[in-house]
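Below: work.txt (compact mmCIF, N, CA and C atoms)
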```txt
# COMPACT_ATOMS: atom_id res chain seq x y z
N MET C 253 198.92 46.00 262.66
CA MET C 253 199.28 44.60 262.79
C MET C 253 198.67 43.75 261.69
N ALA C 254 197.76 44.28 260.96
CA ALA C 254 197.12 43.51 259.91
C ALA C 254 198.11 43.14 258.81
N ALA C 255 199.10 43.97 258.57
CA ALA C 255 200.08 43.69 257.52
C ALA C 255 200.93 42.47 257.88
N ARG C 256 201.20 42.26 259.14
CA ARG C 256 202.01 41.11 259.55
C ARG C 256 201.20 39.82 259.52
N ASP C 257 199.91 39.93 259.70
CA ASP C 257 199.07 38.74 259.77
C ASP C 257 198.73 38.19 258.39
N THR C 258 198.93 38.98 257.34
CA THR C 258 198.57 38.50 256.01
C THR C 258 199.55 37.43 255.54
N ILE C 259 199.06 36.50 254.80
CA ILE C 259 199.87 35.42 254.27
C ILE C 259 200.35 35.82 252.88
N ARG C 260 201.64 35.66 252.68
CA ARG C 260 202.19 36.00 251.37
C ARG C 260 201.92 34.85 250.41
N LYS C 261 201.39 35.21 249.25
CA LYS C 261 201.12 34.19 248.25
C LYS C 261 202.24 34.18 247.23
N LYS C 262 202.62 32.99 246.82
CA LYS C 262 203.68 32.82 245.84
C LYS C 262 203.11 33.12 244.44
N PRO C 263 203.89 33.80 243.59
CA PRO C 263 203.41 34.05 242.23
C PRO C 263 203.12 32.74 241.51
N LYS C 264 202.17 32.77 240.61
CA LYS C 264 201.75 31.54 239.93
C LYS C 264 202.78 31.07 238.91
N ASP C 265 203.34 32.00 238.14
CA ASP C 265 204.27 31.61 237.07
C ASP C 265 205.52 32.49 237.14
N THR C 266 206.40 32.20 238.08
CA THR C 266 207.59 33.01 238.28
C THR C 266 208.53 32.93 237.08
N LYS C 267 208.79 31.72 236.59
CA LYS C 267 209.70 31.56 235.46
C LYS C 267 209.18 32.26 234.21
N GLY C 268 207.91 32.13 233.96
CA GLY C 268 207.32 32.79 232.80
C GLY C 268 207.38 34.30 232.91
N THR C 269 207.14 34.80 234.10
CA THR C 269 207.20 36.24 234.32
C THR C 269 208.61 36.76 234.12
N LEU C 270 209.60 36.06 234.67
CA LEU C 270 210.99 36.48 234.50
C LEU C 270 211.42 36.38 233.04
N ARG C 271 210.99 35.33 232.35
CA ARG C 271 211.32 35.18 230.94
C ARG C 271 210.75 36.34 230.12
N ARG C 272 209.52 36.70 230.41
CA ARG C 272 208.88 37.79 229.68
C ARG C 272 209.54 39.13 229.99
N LEU C 273 209.92 39.33 231.25
CA LEU C 273 210.60 40.56 231.65
C LEU C 273 211.97 40.66 230.98
N LEU C 274 212.72 39.55 230.94
CA LEU C 274 214.01 39.55 230.26
C LEU C 274 213.86 39.79 228.77
N PHE C 275 212.76 39.33 228.19
CA PHE C 275 212.51 39.61 226.78
C PHE C 275 212.32 41.11 226.55
N TYR C 276 211.58 41.76 227.43
CA TYR C 276 211.37 43.20 227.29
C TYR C 276 212.67 43.98 227.51
N VAL C 277 213.44 43.59 228.52
CA VAL C 277 214.70 44.27 228.81
C VAL C 277 215.71 44.00 227.70
N GLY C 278 215.67 42.80 227.13
CA GLY C 278 216.59 42.43 226.05
C GLY C 278 216.46 43.29 224.82
N GLN C 279 215.32 43.89 224.61
CA GLN C 279 215.13 44.78 223.47
C GLN C 279 215.98 46.03 223.60
N TYR C 280 216.40 46.35 224.79
CA TYR C 280 217.19 47.55 225.04
C TYR C 280 218.62 47.19 225.46
N LYS C 281 219.12 46.03 225.03
CA LYS C 281 220.42 45.57 225.52
C LYS C 281 221.56 46.48 225.11
N TRP C 282 221.51 47.08 223.92
CA TRP C 282 222.59 47.97 223.49
C TRP C 282 222.56 49.27 224.28
N ILE C 283 221.38 49.76 224.56
CA ILE C 283 221.27 50.98 225.37
C ILE C 283 221.75 50.69 226.79
N LEU C 284 221.38 49.52 227.32
CA LEU C 284 221.82 49.16 228.66
C LEU C 284 223.33 48.95 228.72
N ALA C 285 223.92 48.43 227.64
CA ALA C 285 225.38 48.28 227.60
C ALA C 285 226.05 49.66 227.60
N LEU C 286 225.49 50.59 226.84
CA LEU C 286 226.01 51.96 226.83
C LEU C 286 225.88 52.60 228.21
N VAL C 287 224.76 52.37 228.87
CA VAL C 287 224.56 52.90 230.22
C VAL C 287 225.59 52.31 231.18
N PHE C 288 225.89 51.02 231.04
CA PHE C 288 226.91 50.39 231.89
C PHE C 288 228.27 51.04 231.68
N VAL C 289 228.64 51.29 230.42
CA VAL C 289 229.93 51.94 230.13
C VAL C 289 229.94 53.36 230.68
N LEU C 290 228.83 54.09 230.51
CA LEU C 290 228.75 55.45 231.05
C LEU C 290 228.82 55.45 232.58
N CYS C 291 228.20 54.48 233.20
CA CYS C 291 228.24 54.37 234.67
C CYS C 291 229.68 54.12 235.13
N PHE C 292 230.37 53.25 234.45
CA PHE C 292 231.77 52.98 234.78
C PHE C 292 232.61 54.25 234.61
N THR C 293 232.41 54.95 233.50
CA THR C 293 233.14 56.19 233.23
C THR C 293 232.85 57.25 234.30
N SER C 294 231.59 57.38 234.67
CA SER C 294 231.21 58.36 235.69
C SER C 294 231.88 58.05 237.02
N ASN C 295 231.93 56.79 237.39
CA ASN C 295 232.58 56.42 238.66
C ASN C 295 234.08 56.65 238.61
N ILE C 296 234.71 56.37 237.48
CA ILE C 296 236.15 56.63 237.36
C ILE C 296 236.43 58.12 237.49
N LEU C 297 235.62 58.94 236.82
CA LEU C 297 235.80 60.39 236.92
C LEU C 297 235.59 60.88 238.35
N ALA C 298 234.60 60.33 239.02
CA ALA C 298 234.35 60.73 240.42
C ALA C 298 235.50 60.31 241.33
N LEU C 299 236.14 59.18 241.02
CA LEU C 299 237.27 58.74 241.83
C LEU C 299 238.56 59.50 241.52
N LEU C 300 238.64 60.09 240.35
CA LEU C 300 239.82 60.89 240.01
C LEU C 300 239.85 62.21 240.79
N GLY C 301 238.67 62.71 241.16
CA GLY C 301 238.58 63.98 241.88
C GLY C 301 239.42 64.04 243.14
N PRO C 302 239.26 63.10 244.06
CA PRO C 302 240.07 63.14 245.28
C PRO C 302 241.57 62.98 245.01
N SER C 303 241.92 62.21 244.00
CA SER C 303 243.34 62.07 243.66
C SER C 303 243.92 63.40 243.19
N LEU C 304 243.15 64.09 242.35
CA LEU C 304 243.60 65.41 241.89
C LEU C 304 243.62 66.42 243.02
N ALA C 305 242.67 66.31 243.95
CA ALA C 305 242.66 67.21 245.10
C ALA C 305 243.90 66.98 245.96
N GLY C 306 244.28 65.72 246.13
CA GLY C 306 245.49 65.41 246.89
C GLY C 306 246.73 65.98 246.22
N SER C 307 246.78 65.90 244.90
CA SER C 307 247.93 66.47 244.17
C SER C 307 247.97 67.99 244.33
N ALA C 308 246.80 68.62 244.27
CA ALA C 308 246.75 70.08 244.44
C ALA C 308 247.18 70.47 245.86
N ILE C 309 246.76 69.68 246.84
CA ILE C 309 247.15 69.98 248.23
C ILE C 309 248.65 69.79 248.41
N ASN C 310 249.20 68.76 247.81
CA ASN C 310 250.65 68.55 247.90
C ASN C 310 251.43 69.71 247.28
N GLU C 311 250.95 70.24 246.18
CA GLU C 311 251.60 71.39 245.55
C GLU C 311 251.46 72.64 246.41
N ALA C 312 250.29 72.78 247.06
CA ALA C 312 250.05 73.96 247.88
C ALA C 312 250.79 73.89 249.21
N ALA C 313 251.16 72.70 249.65
CA ALA C 313 251.82 72.54 250.94
C ALA C 313 253.34 72.57 250.82
N ALA C 314 253.85 73.15 249.77
CA ALA C 314 255.30 73.18 249.55
C ALA C 314 256.01 74.08 250.55
N GLY C 315 255.29 75.00 251.13
CA GLY C 315 255.90 75.90 252.10
C GLY C 315 255.69 77.35 251.70
N ALA C 316 256.00 78.24 252.59
CA ALA C 316 255.79 79.66 252.34
C ALA C 316 256.70 80.13 251.20
N GLY C 317 256.11 80.72 250.19
CA GLY C 317 256.86 81.26 249.07
C GLY C 317 257.27 80.23 248.04
N LYS C 318 256.98 78.97 248.26
CA LYS C 318 257.38 77.92 247.33
C LYS C 318 256.20 77.29 246.60
N VAL C 319 255.00 77.85 246.78
CA VAL C 319 253.80 77.27 246.19
C VAL C 319 253.79 77.55 244.69
N ASN C 320 253.60 76.50 243.92
CA ASN C 320 253.50 76.61 242.47
C ASN C 320 252.01 76.72 242.12
N PHE C 321 251.53 77.98 242.00
CA PHE C 321 250.10 78.20 241.79
C PHE C 321 249.64 77.70 240.42
N ASP C 322 250.53 77.67 239.45
CA ASP C 322 250.14 77.13 238.14
C ASP C 322 249.74 75.66 238.26
N LYS C 323 250.52 74.89 239.01
CA LYS C 323 250.20 73.47 239.22
C LYS C 323 248.93 73.31 240.06
N VAL C 324 248.78 74.15 241.09
CA VAL C 324 247.59 74.07 241.93
C VAL C 324 246.34 74.34 241.10
N PHE C 325 246.37 75.39 240.28
CA PHE C 325 245.21 75.69 239.43
C PHE C 325 244.99 74.62 238.37
N TYR C 326 246.08 74.03 237.87
CA TYR C 326 245.98 72.96 236.89
C TYR C 326 245.20 71.78 237.49
N TYR C 327 245.60 71.34 238.68
CA TYR C 327 244.92 70.22 239.33
C TYR C 327 243.49 70.58 239.73
N THR C 328 243.29 71.82 240.14
CA THR C 328 241.95 72.26 240.53
C THR C 328 241.01 72.28 239.33
N LYS C 329 241.49 72.77 238.19
CA LYS C 329 240.65 72.78 236.98
C LYS C 329 240.31 71.36 236.55
N ARG C 330 241.31 70.49 236.58
CA ARG C 330 241.07 69.09 236.21
C ARG C 330 240.05 68.44 237.16
N MET C 331 240.18 68.72 238.43
CA MET C 331 239.25 68.17 239.42
C MET C 331 237.83 68.66 239.15
N PHE C 332 237.70 69.96 238.87
CA PHE C 332 236.39 70.53 238.58
C PHE C 332 235.78 69.88 237.34
N ILE C 333 236.59 69.71 236.29
CA ILE C 333 236.10 69.10 235.05
C ILE C 333 235.66 67.66 235.31
N CYS C 334 236.43 66.91 236.09
CA CYS C 334 236.06 65.52 236.40
C CYS C 334 234.73 65.45 237.13
N TYR C 335 234.55 66.31 238.13
CA TYR C 335 233.30 66.28 238.90
C TYR C 335 232.11 66.71 238.06
N VAL C 336 232.28 67.73 237.22
CA VAL C 336 231.16 68.19 236.38
C VAL C 336 230.79 67.12 235.37
N LEU C 337 231.79 66.52 234.71
CA LEU C 337 231.50 65.46 233.74
C LEU C 337 230.84 64.26 234.40
N SER C 338 231.32 63.89 235.57
CA SER C 338 230.73 62.77 236.30
C SER C 338 229.27 63.05 236.64
N SER C 339 228.98 64.26 237.07
CA SER C 339 227.60 64.62 237.40
C SER C 339 226.71 64.63 236.17
N LEU C 340 227.20 65.18 235.07
CA LEU C 340 226.40 65.20 233.84
C LEU C 340 226.13 63.80 233.31
N ILE C 341 227.14 62.93 233.39
CA ILE C 341 226.94 61.56 232.93
C ILE C 341 225.94 60.84 233.83
N THR C 342 226.02 61.06 235.13
CA THR C 342 225.08 60.44 236.06
C THR C 342 223.65 60.91 235.80
N ILE C 343 223.48 62.19 235.55
CA ILE C 343 222.15 62.72 235.23
C ILE C 343 221.62 62.09 233.95
N SER C 344 222.47 61.98 232.93
CA SER C 344 222.02 61.38 231.67
C SER C 344 221.68 59.90 231.85
N ILE C 345 222.44 59.19 232.67
CA ILE C 345 222.13 57.79 232.96
C ILE C 345 220.76 57.67 233.62
N ASN C 346 220.50 58.54 234.58
CA ASN C 346 219.21 58.51 235.28
C ASN C 346 218.06 58.78 234.32
N ILE C 347 218.24 59.73 233.42
CA ILE C 347 217.18 60.05 232.45
C ILE C 347 216.93 58.87 231.52
N VAL C 348 218.00 58.28 230.99
CA VAL C 348 217.85 57.15 230.07
C VAL C 348 217.19 55.97 230.78
N MET C 349 217.61 55.66 231.99
CA MET C 349 217.02 54.54 232.71
C MET C 349 215.55 54.80 233.06
N MET C 350 215.21 56.04 233.32
CA MET C 350 213.82 56.37 233.59
C MET C 350 212.95 56.09 232.37
N TYR C 351 213.44 56.51 231.18
CA TYR C 351 212.68 56.26 229.97
C TYR C 351 212.60 54.77 229.64
N ILE C 352 213.68 54.03 229.83
CA ILE C 352 213.64 52.60 229.56
C ILE C 352 212.65 51.90 230.48
N SER C 353 212.68 52.25 231.77
CA SER C 353 211.74 51.62 232.69
C SER C 353 210.30 51.99 232.36
N LYS C 354 210.08 53.21 231.89
CA LYS C 354 208.74 53.62 231.49
C LYS C 354 208.27 52.83 230.26
N TRP C 355 209.18 52.65 229.29
CA TRP C 355 208.82 51.89 228.08
C TRP C 355 208.53 50.43 228.42
N ILE C 356 209.37 49.83 229.26
CA ILE C 356 209.17 48.43 229.62
C ILE C 356 207.88 48.26 230.41
N ALA C 357 207.62 49.16 231.35
CA ALA C 357 206.38 49.07 232.14
C ALA C 357 205.17 49.23 231.24
N GLY C 358 205.25 50.13 230.26
CA GLY C 358 204.14 50.30 229.33
C GLY C 358 203.90 49.06 228.49
N LYS C 359 204.98 48.42 228.02
CA LYS C 359 204.83 47.21 227.22
C LYS C 359 204.29 46.06 228.07
N CYS C 360 204.78 45.94 229.30
CA CYS C 360 204.28 44.88 230.18
C CYS C 360 202.80 45.09 230.49
N GLY C 361 202.42 46.33 230.69
CA GLY C 361 201.03 46.64 230.96
C GLY C 361 200.12 46.32 229.79
N LYS C 362 200.60 46.64 228.58
CA LYS C 362 199.80 46.32 227.38
C LYS C 362 199.67 44.81 227.18
N MET C 363 200.77 44.08 227.43
CA MET C 363 200.73 42.64 227.25
C MET C 363 199.84 41.96 228.29
N SER C 364 199.80 42.50 229.50
CA SER C 364 198.95 41.88 230.52
C SER C 364 197.48 42.10 230.20
N LEU C 365 197.17 43.19 229.50
CA LEU C 365 195.78 43.42 229.10
C LEU C 365 195.38 42.48 227.97
N ILE C 366 196.34 42.11 227.13
CA ILE C 366 196.05 41.21 226.02
C ILE C 366 195.88 39.78 226.54
N ASN C 367 196.74 39.38 227.47
CA ASN C 367 196.70 37.99 227.97
C ASN C 367 195.58 37.80 228.90
```
Kindly transcribe the structure held in the file into structure tokens.
Amino acid sequence: MAARDTIRKKPKDTKGTLRRLLFYVGQYKWILALVFVLCFTSNILALLGPSLAGSAINEAAAGAGKVNFDKVFYYTKRMFICYVLSSLITISINIVMMYISKWIAGKCGKMSLIN
């Protein structure tokens, strides 16, 4: 219950802190723009997967003896490629963002020791 009884204190210089944080993040604006584009691409690829799966199912549901396996494998390969690329892009985004946050935290830490 001690955590509920504590009084939250307002930061002393919120605007200054946000300004300084935006300055640090702004140094990586091109990398962050690339990450945004990669994130968009990854989501589009992930959303293409179910569409391709539906197309493969439609080809497979043609009836007994009428299944076009070339089309089914075509859609299945495309679906697999979309999911693998989406996963690889997501992993790379996570790695890049981890390094950016580490660099920004390190710079903020050094600046707080100077001030």
Which residues, written as a list in words, have at least one atom at most 8 Å from region 327-333 of chain C, with only C-alpha atoms counted and residues fewer than 2 positions away on the same chain left out?
->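 My list of contacting residues is Leu300, Gly301, Pro302, Leu304, Ala305, Ser307, Ala308, Lys323, Val324, Phe325, Tyr335, Val336 and Leu337 of chain C.
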Which value, in Å to one decimal, gives the distance between CA of Cys334 (chain C) and atom C of Leu297 (chain C)?
-> 5.1 Å
Enclosing box along x, y and z for every listed atom of region 353-357 of chain C, padded 4 Å each side, centre and size in Å, one decimal, as JSON:
```
{"center_x": 208.9, "center_y": 50.9, "center_z": 230.4, "size_x": 15.5, "size_y": 13.4, "size_z": 12.6}
```
C:Asn320, C:Thr342, C:Thr269, C:Gln279: which is nearest Ser294 (chain C), counting only N, CA and C atoms?
->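 Once distances to Ser294 (chain C) are computed over only N, CA and C atoms, the minimum belongs to C:Thr342.
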Distance of CA of Asp322 (chain C) from atom N of Thr293 (chain C), expressed in Å to one decimal place | 28.8 Å
Can you work out the spacing between atom C of Ile341 (chain C) and CA of Val287 (chain C) in Å, to one decimal?
->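 Taking atom C of Ile341 (chain C) and CA of Val287 (chain C), their separation equals 8.8 Å.
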Give me every alpha helix (DSSP H) residue in chain C, going by DSSP on the backbone, as a PyMOL selection string.
-> chain C and resi 254-257+266-278+281-312+321-366
Identify, on the basis of all atoms listed in the file, every residue whose closest approach to Ile345 (chain C) does not exceed 8 Å; exclude the query and any residue fewer than 4 positions from it along the same chain; express the result as an MDAnalysis selection string.
-> chainID C and resid 286:288 290:291 339:341 349:351
